[in-house]
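**Q** Take a look at this one; I'll ask things after.
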Amino acid sequence: MSSCDERAERISVVARDRQLTIATAESLTGGRISSVLGAAPSSSEWYRGSIVAYASSVKHGLLQVPDGPVVSEPSARAMATSVAELLGADLAVAVTGAGGPQPQDGQPPGTVWFGVFVDGSARTELRHFDGDPGDVVEATTAHALFLLEDALR
């Protein structure tokens, strides 16, 4: 079992015990976070779902990301808040970034913004990951799950 799967199992236990629901909004991970959470035990009891918004137009239209670059703090904040509202979740994590190999929105490959919605507001975090696009996706997925588990504490 991978460390992501183990973390998802711990998220499942706490979410069920506290009767909290979780949602995700993903861009560069393309549904990877959702896949891990959906495979966790009893996920149908606490996992509301995900919006995978790869295209900038979807982020702006559906997730209410403000005009401007999508690899940004305002984008991550809007994505986390909007997905929680749209899917009726208590807690949400969102990721948007430049997976590579090319820069995006003037940001170098490996630049990732995270948004976490909890207790009615969103906080953000910027991280930089090394490696090829697959490495960036895996590191982003692992960190998003860490942030979810941390928010449940």
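For the structure tokens, the naming scheme is as follows: chains receive sequential letters (A, B, ...) according to their order of presentation, residues are indexed from 1 within each chain, and ligands are indexed from 1 in presentation order.
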Go through region 34-126 of chain A and flag each residue having an atom no more than 9 Å from region 6-27 of chain A; for those, report the closest pair of atoms plus their distance in Å to one decimal, using only C-alpha atoms, ordered by chain and rising number, as a tab-separated table.
**A**
```
residue	atom	partner	partner_atom	distance
A:Ser34	CA	A:Thr24	CA	6.7
A:Val36	CA	A:Ala8	CA	6.8
A:Leu37	CA	A:Ala8	CA	5.7
A:Gly38	CA	A:Ala8	CA	8.9
A:Ala39	CA	A:Ala8	CA	8.3
A:Ala40	CA	A:Glu9	CA	5.5
A:Pro41	CA	A:Glu9	CA	6.3
A:Ser42	CA	A:Ser12	CA	7.1
A:Ser43	CA	A:Ser12	CA	6.7
A:Glu45	CA	A:Arg16	CA	7.1
A:Trp46	CA	A:Thr21	CA	4.5
A:Tyr47	CA	A:Ile22	CA	5.0
A:Arg48	CA	A:Ala23	CA	5.3
A:Gly49	CA	A:Ala23	CA	5.2
A:Ser50	CA	A:Thr24	CA	4.6
A:Ile51	CA	A:Ala25	CA	4.9
A:Val52	CA	A:Glu26	CA	4.7
A:Ala53	CA	A:Ser27	CA	5.2
A:Tyr54	CA	A:Ser27	CA	4.6
A:Ala55	CA	A:Ser27	CA	7.9
A:Lys59	CA	A:Ser27	CA	8.6
A:Leu63	CA	A:Ala25	CA	8.5
A:Ala76	CA	A:Ala25	CA	8.9
A:Met79	CA	A:Ala25	CA	6.1
A:Ala80	CA	A:Ala25	CA	6.4
A:Ser82	CA	A:Ala25	CA	8.6
A:Val83	CA	A:Ala25	CA	6.1
A:Ala84	CA	A:Ala23	CA	6.1
A:Leu87	CA	A:Ala23	CA	6.8
A:Gly88	CA	A:Thr21	CA	7.9
A:Ala89	CA	A:Thr21	CA	4.9
A:Asp90	CA	A:Thr21	CA	5.2
A:Leu91	CA	A:Ile22	CA	4.8
A:Ala92	CA	A:Ala23	CA	4.7
A:Val93	CA	A:Thr24	CA	5.0
A:Ala94	CA	A:Ala25	CA	4.5
A:Val95	CA	A:Glu26	CA	5.2
A:Thr96	CA	A:Ser27	CA	5.2
A:Gly97	CA	A:Ser27	CA	7.3
```
**Q** Given the selection you just returned, output its residues as a file containing N, CA, C and O atoms, formatted as a compact mmCIF listing (two decimals), in the first residue's frame.
**A**
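File produced: out_4.txt:
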```txt
# COMPACT_ATOMS: atom_id res chain seq x y z
N SER A 34 -8.57 12.66 -6.43
CA SER A 34 -9.89 12.05 -6.36
C SER A 34 -9.83 10.54 -6.42
O SER A 34 -10.54 9.84 -5.69
N VAL A 36 -7.41 8.56 -5.46
CA VAL A 36 -6.90 8.02 -4.19
C VAL A 36 -7.98 8.08 -3.11
O VAL A 36 -8.21 7.11 -2.39
N LEU A 37 -8.67 9.22 -3.01
CA LEU A 37 -9.72 9.35 -1.99
C LEU A 37 -10.88 8.42 -2.27
O LEU A 37 -11.44 7.80 -1.35
N GLY A 38 -11.26 8.28 -3.53
CA GLY A 38 -12.38 7.42 -3.89
C GLY A 38 -12.12 5.95 -3.61
O GLY A 38 -13.06 5.17 -3.42
N ALA A 39 -10.85 5.56 -3.56
CA ALA A 39 -10.49 4.17 -3.28
C ALA A 39 -10.34 3.89 -1.78
O ALA A 39 -10.16 2.75 -1.38
N ALA A 40 -10.44 4.93 -0.96
CA ALA A 40 -10.30 4.76 0.49
C ALA A 40 -11.54 4.05 1.05
O ALA A 40 -12.63 4.12 0.47
N PRO A 41 -11.37 3.39 2.19
CA PRO A 41 -12.50 2.67 2.79
C PRO A 41 -13.69 3.60 3.08
O PRO A 41 -13.51 4.72 3.56
N SER A 42 -14.87 3.13 2.78
CA SER A 42 -16.13 3.83 3.07
C SER A 42 -16.18 5.24 2.50
O SER A 42 -16.83 6.12 3.05
N SER A 43 -15.50 5.47 1.38
CA SER A 43 -15.45 6.82 0.81
C SER A 43 -16.83 7.36 0.45
O SER A 43 -17.04 8.58 0.48
N GLU A 45 -19.30 7.46 2.18
CA GLU A 45 -19.88 8.09 3.36
C GLU A 45 -19.40 9.52 3.57
O GLU A 45 -20.07 10.31 4.23
N TRP A 46 -18.22 9.87 3.04
CA TRP A 46 -17.63 11.17 3.35
C TRP A 46 -17.07 11.93 2.15
O TRP A 46 -16.89 13.14 2.22
N TYR A 47 -16.80 11.24 1.06
CA TYR A 47 -16.21 11.91 -0.10
C TYR A 47 -17.30 12.37 -1.06
O TYR A 47 -18.04 11.56 -1.60
N ARG A 48 -17.42 13.68 -1.23
CA ARG A 48 -18.47 14.26 -2.06
C ARG A 48 -18.14 14.20 -3.54
O ARG A 48 -19.02 14.18 -4.38
N GLY A 49 -16.86 14.26 -3.90
CA GLY A 49 -16.46 14.20 -5.29
C GLY A 49 -15.44 15.25 -5.63
O GLY A 49 -14.89 15.92 -4.76
N SER A 50 -15.22 15.40 -6.94
CA SER A 50 -14.18 16.30 -7.42
C SER A 50 -14.62 17.00 -8.70
O SER A 50 -15.42 16.46 -9.47
N ILE A 51 -14.08 18.17 -8.89
CA ILE A 51 -14.18 18.84 -10.18
C ILE A 51 -12.76 18.93 -10.73
O ILE A 51 -11.88 19.52 -10.10
N VAL A 52 -12.55 18.26 -11.86
CA VAL A 52 -11.26 18.31 -12.52
C VAL A 52 -11.37 19.38 -13.60
O VAL A 52 -12.03 19.16 -14.62
N ALA A 53 -10.77 20.51 -13.33
CA ALA A 53 -10.87 21.67 -14.22
C ALA A 53 -9.50 21.93 -14.82
O ALA A 53 -8.71 22.71 -14.29
N TYR A 54 -9.23 21.26 -15.90
CA TYR A 54 -7.91 21.38 -16.53
C TYR A 54 -7.80 22.66 -17.35
O TYR A 54 -6.80 23.35 -17.30
N ALA A 55 -8.85 22.98 -18.08
CA ALA A 55 -8.83 24.17 -18.93
C ALA A 55 -9.06 25.43 -18.10
O ALA A 55 -9.90 25.45 -17.19
N LYS A 59 -11.96 26.70 -15.12
CA LYS A 59 -11.65 27.28 -13.80
C LYS A 59 -12.36 28.62 -13.63
O LYS A 59 -12.96 28.88 -12.59
N LEU A 63 -15.54 27.34 -11.49
CA LEU A 63 -14.98 27.47 -10.14
C LEU A 63 -14.75 28.91 -9.72
O LEU A 63 -14.12 29.17 -8.70
N ALA A 76 -6.18 29.26 -6.48
CA ALA A 76 -6.27 28.15 -5.52
C ALA A 76 -7.34 28.42 -4.47
O ALA A 76 -8.12 27.54 -4.10
N MET A 79 -10.81 28.11 -6.16
CA MET A 79 -11.11 26.71 -6.48
C MET A 79 -11.55 25.95 -5.23
O MET A 79 -12.53 25.21 -5.26
N ALA A 80 -10.82 26.12 -4.12
CA ALA A 80 -11.16 25.41 -2.89
C ALA A 80 -12.52 25.85 -2.35
O ALA A 80 -13.36 25.02 -1.97
N SER A 82 -15.04 27.37 -4.04
CA SER A 82 -16.12 27.05 -4.97
C SER A 82 -16.47 25.57 -4.96
O SER A 82 -17.66 25.21 -4.98
N VAL A 83 -15.47 24.69 -4.93
CA VAL A 83 -15.79 23.26 -4.96
C VAL A 83 -16.49 22.85 -3.67
O VAL A 83 -17.40 22.01 -3.70
N ALA A 84 -16.11 23.43 -2.55
CA ALA A 84 -16.80 23.12 -1.29
C ALA A 84 -18.26 23.54 -1.38
O ALA A 84 -19.16 22.79 -0.98
N LEU A 87 -20.25 21.33 -4.16
CA LEU A 87 -20.47 19.93 -3.81
C LEU A 87 -20.97 19.74 -2.38
O LEU A 87 -21.17 18.62 -1.94
N GLY A 88 -21.17 20.83 -1.67
CA GLY A 88 -21.71 20.74 -0.31
C GLY A 88 -20.79 20.04 0.66
O GLY A 88 -21.22 19.21 1.46
N ALA A 89 -19.50 20.37 0.61
CA ALA A 89 -18.50 19.72 1.47
C ALA A 89 -18.08 20.63 2.62
O ALA A 89 -18.05 21.85 2.49
N ASP A 90 -17.74 20.00 3.73
CA ASP A 90 -17.22 20.72 4.90
C ASP A 90 -15.77 21.14 4.70
O ASP A 90 -15.34 22.15 5.26
N LEU A 91 -15.06 20.35 3.93
CA LEU A 91 -13.62 20.53 3.77
C LEU A 91 -13.28 20.28 2.31
O LEU A 91 -13.85 19.37 1.68
N ALA A 92 -12.36 21.07 1.75
CA ALA A 92 -11.96 20.86 0.36
C ALA A 92 -10.49 21.20 0.18
O ALA A 92 -9.94 22.05 0.89
N VAL A 93 -9.88 20.54 -0.78
CA VAL A 93 -8.52 20.88 -1.19
C VAL A 93 -8.54 21.12 -2.69
O VAL A 93 -9.27 20.45 -3.43
N ALA A 94 -7.75 22.11 -3.12
CA ALA A 94 -7.66 22.44 -4.54
C ALA A 94 -6.19 22.57 -4.91
O ALA A 94 -5.37 23.01 -4.09
N VAL A 95 -5.87 22.19 -6.16
CA VAL A 95 -4.49 22.32 -6.65
C VAL A 95 -4.51 22.92 -8.04
O VAL A 95 -5.33 22.58 -8.88
N THR A 96 -3.58 23.84 -8.27
CA THR A 96 -3.38 24.43 -9.58
C THR A 96 -1.91 24.74 -9.73
O THR A 96 -1.27 25.23 -8.79
N GLY A 97 -1.33 24.40 -10.87
CA GLY A 97 0.10 24.63 -11.00
C GLY A 97 0.62 24.36 -12.39
O GLY A 97 -0.12 24.04 -13.31
```
**Q** What does the structure give for the distance between CA of Thr81 (chain A) and CA of Pro109 (chain A), in Å to one decimal?
**A**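 CA of Thr81 (chain A) sits 25.0 Å away from CA of Pro109 (chain A).
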**Q** Would you list, as a ChimeraX atom specification, the residues of region 11-139 of chain A that end up in strand (DSSP E) under DSSP run on this structure's backbone?
**A** /A:22-26,47-52,91-97,111-118,121-128
**Q** Please, what distance in Å, to one decimal, runs between CA of Gly100 (chain A) and CA of Ile33 (chain A)?
**A**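 Pair CA of Gly100 (chain A) / CA of Ile33 (chain A) returns 18.3 Å.
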**Q** Considering only alpha helix (DSSP H) as DSSP defines it on the backbone, what residues of region 12-125 of chain A qualify? List them as a PyMOL selection string.
**A** chain A and resi 12-18+32-38+56-62+73-87
**Q** Go ahead and save the picked residues with N, CA, C and O atoms, as a compact mmCIF listing (two decimals), in the first residue's frame.
**A**
```
# COMPACT_ATOMS: atom_id res chain seq x y z
N SER A 12 -10.12 8.89 5.90
CA SER A 12 -11.43 8.24 5.95
C SER A 12 -11.90 8.04 7.39
O SER A 12 -13.04 8.34 7.72
N VAL A 13 -11.01 7.55 8.23
CA VAL A 13 -11.38 7.28 9.62
C VAL A 13 -11.81 8.57 10.32
O VAL A 13 -12.86 8.63 10.97
N VAL A 14 -11.03 9.61 10.18
CA VAL A 14 -11.33 10.87 10.87
C VAL A 14 -12.59 11.52 10.29
O VAL A 14 -13.45 12.01 11.03
N ALA A 15 -12.71 11.54 8.97
CA ALA A 15 -13.89 12.15 8.34
C ALA A 15 -15.16 11.44 8.80
O ALA A 15 -16.17 12.09 9.12
N ARG A 16 -15.12 10.11 8.85
CA ARG A 16 -16.30 9.36 9.31
C ARG A 16 -16.57 9.62 10.79
O ARG A 16 -17.72 9.86 11.17
N ASP A 17 -15.53 9.58 11.60
CA ASP A 17 -15.71 9.81 13.04
C ASP A 17 -16.28 11.20 13.33
O ASP A 17 -17.10 11.36 14.22
N ARG A 18 -15.83 12.19 12.58
CA ARG A 18 -16.27 13.58 12.81
C ARG A 18 -17.46 13.95 11.94
O ARG A 18 -17.94 15.07 12.01
N ARG A 32 -6.09 12.67 -9.98
CA ARG A 32 -5.30 11.71 -9.19
C ARG A 32 -5.69 11.75 -7.71
O ARG A 32 -5.83 10.70 -7.07
N ILE A 33 -5.90 12.95 -7.16
CA ILE A 33 -6.29 13.05 -5.75
C ILE A 33 -7.64 12.38 -5.54
O ILE A 33 -7.84 11.61 -4.60
N SER A 34 -8.57 12.66 -6.43
CA SER A 34 -9.89 12.05 -6.36
C SER A 34 -9.83 10.54 -6.42
O SER A 34 -10.54 9.84 -5.69
N SER A 35 -8.97 10.03 -7.27
CA SER A 35 -8.82 8.58 -7.41
C SER A 35 -8.36 7.93 -6.11
O SER A 35 -8.88 6.89 -5.70
N VAL A 36 -7.41 8.56 -5.46
CA VAL A 36 -6.90 8.02 -4.19
C VAL A 36 -7.98 8.08 -3.11
O VAL A 36 -8.21 7.11 -2.39
N LEU A 37 -8.67 9.22 -3.01
CA LEU A 37 -9.72 9.35 -1.99
C LEU A 37 -10.88 8.42 -2.27
O LEU A 37 -11.44 7.80 -1.35
N GLY A 38 -11.26 8.28 -3.53
CA GLY A 38 -12.38 7.42 -3.89
C GLY A 38 -12.12 5.95 -3.61
O GLY A 38 -13.06 5.17 -3.42
N SER A 56 -8.33 26.48 -18.43
CA SER A 56 -8.49 27.75 -17.71
C SER A 56 -9.92 28.26 -17.79
O SER A 56 -10.45 28.79 -16.80
N SER A 57 -10.57 28.08 -18.93
CA SER A 57 -11.95 28.56 -19.08
C SER A 57 -12.89 27.86 -18.10
O SER A 57 -13.85 28.47 -17.63
N VAL A 58 -12.63 26.60 -17.79
CA VAL A 58 -13.46 25.88 -16.83
C VAL A 58 -13.21 26.43 -15.42
O VAL A 58 -14.14 26.61 -14.64
N LYS A 59 -11.96 26.70 -15.12
CA LYS A 59 -11.65 27.28 -13.80
C LYS A 59 -12.36 28.62 -13.63
O LYS A 59 -12.96 28.88 -12.59
N HIS A 60 -12.28 29.47 -14.65
CA HIS A 60 -12.91 30.79 -14.56
C HIS A 60 -14.43 30.67 -14.53
O HIS A 60 -15.09 31.35 -13.73
N GLY A 61 -15.01 29.81 -15.36
CA GLY A 61 -16.46 29.71 -15.47
C GLY A 61 -17.11 28.94 -14.34
O GLY A 61 -18.03 29.43 -13.69
N LEU A 62 -16.65 27.74 -14.08
CA LEU A 62 -17.29 26.87 -13.10
C LEU A 62 -16.83 27.13 -11.67
O LEU A 62 -17.64 27.13 -10.74
N GLU A 73 -2.27 32.29 -6.30
CA GLU A 73 -2.93 32.20 -5.00
C GLU A 73 -4.43 32.45 -5.12
O GLU A 73 -5.23 31.68 -4.57
N PRO A 74 -4.88 33.51 -5.82
CA PRO A 74 -6.33 33.73 -5.92
C PRO A 74 -7.06 32.55 -6.59
O PRO A 74 -8.20 32.24 -6.23
N SER A 75 -6.41 31.91 -7.54
CA SER A 75 -7.01 30.76 -8.22
C SER A 75 -7.21 29.60 -7.24
O SER A 75 -8.29 29.01 -7.18
N ALA A 76 -6.18 29.26 -6.48
CA ALA A 76 -6.27 28.15 -5.52
C ALA A 76 -7.34 28.42 -4.47
O ALA A 76 -8.12 27.54 -4.10
N ARG A 77 -7.40 29.66 -3.99
CA ARG A 77 -8.39 30.04 -2.99
C ARG A 77 -9.82 29.90 -3.56
O ARG A 77 -10.70 29.32 -2.93
N ALA A 78 -10.02 30.42 -4.77
CA ALA A 78 -11.35 30.35 -5.40
C ALA A 78 -11.74 28.91 -5.69
O ALA A 78 -12.91 28.53 -5.49
N MET A 79 -10.81 28.11 -6.16
CA MET A 79 -11.11 26.71 -6.48
C MET A 79 -11.55 25.95 -5.23
O MET A 79 -12.53 25.21 -5.26
N ALA A 80 -10.82 26.12 -4.12
CA ALA A 80 -11.16 25.41 -2.89
C ALA A 80 -12.52 25.85 -2.35
O ALA A 80 -13.36 25.02 -1.97
N THR A 81 -12.77 27.15 -2.36
CA THR A 81 -14.03 27.67 -1.85
C THR A 81 -15.20 27.24 -2.73
O THR A 81 -16.24 26.77 -2.24
N SER A 82 -15.04 27.37 -4.04
CA SER A 82 -16.12 27.05 -4.97
C SER A 82 -16.47 25.57 -4.96
O SER A 82 -17.66 25.21 -4.98
N VAL A 83 -15.47 24.69 -4.93
CA VAL A 83 -15.79 23.26 -4.96
C VAL A 83 -16.49 22.85 -3.67
O VAL A 83 -17.40 22.01 -3.70
N ALA A 84 -16.11 23.43 -2.55
CA ALA A 84 -16.80 23.12 -1.29
C ALA A 84 -18.26 23.54 -1.38
O ALA A 84 -19.16 22.79 -0.98
N GLU A 85 -18.51 24.73 -1.93
CA GLU A 85 -19.88 25.21 -2.06
C GLU A 85 -20.67 24.40 -3.08
O GLU A 85 -21.81 24.00 -2.82
N LEU A 86 -20.08 24.14 -4.24
CA LEU A 86 -20.78 23.42 -5.29
C LEU A 86 -21.14 21.99 -4.90
O LEU A 86 -22.20 21.48 -5.25
N LEU A 87 -20.25 21.33 -4.16
CA LEU A 87 -20.47 19.93 -3.81
C LEU A 87 -20.97 19.74 -2.38
O LEU A 87 -21.17 18.62 -1.94
```
**Q** Between A:Pro69, A:Gly120, A:Gly115, A:Gly106, which one has atoms that come closest to Ala144 (chain A), using only C-alpha atoms?
**A**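 When distances to Ala144 (chain A) are compared using only C-alpha atoms, the smallest one comes from A:Gly115.
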**Q** Just to confirm, what's the straight-line distance from CA of Trp113 (chain A) to CA of His128 (chain A) in Å (one decimal)?
**A** 8.8 Å
**Q** Within 12 Å of Pro108 (chain A), counting only C-alpha atoms, which residues show up once you throw out same-chain ones fewer than 3 positions away? Write them as a ChimeraX atom specification, please.
**A** /A:71,97-105,111-112,127-131,133,136
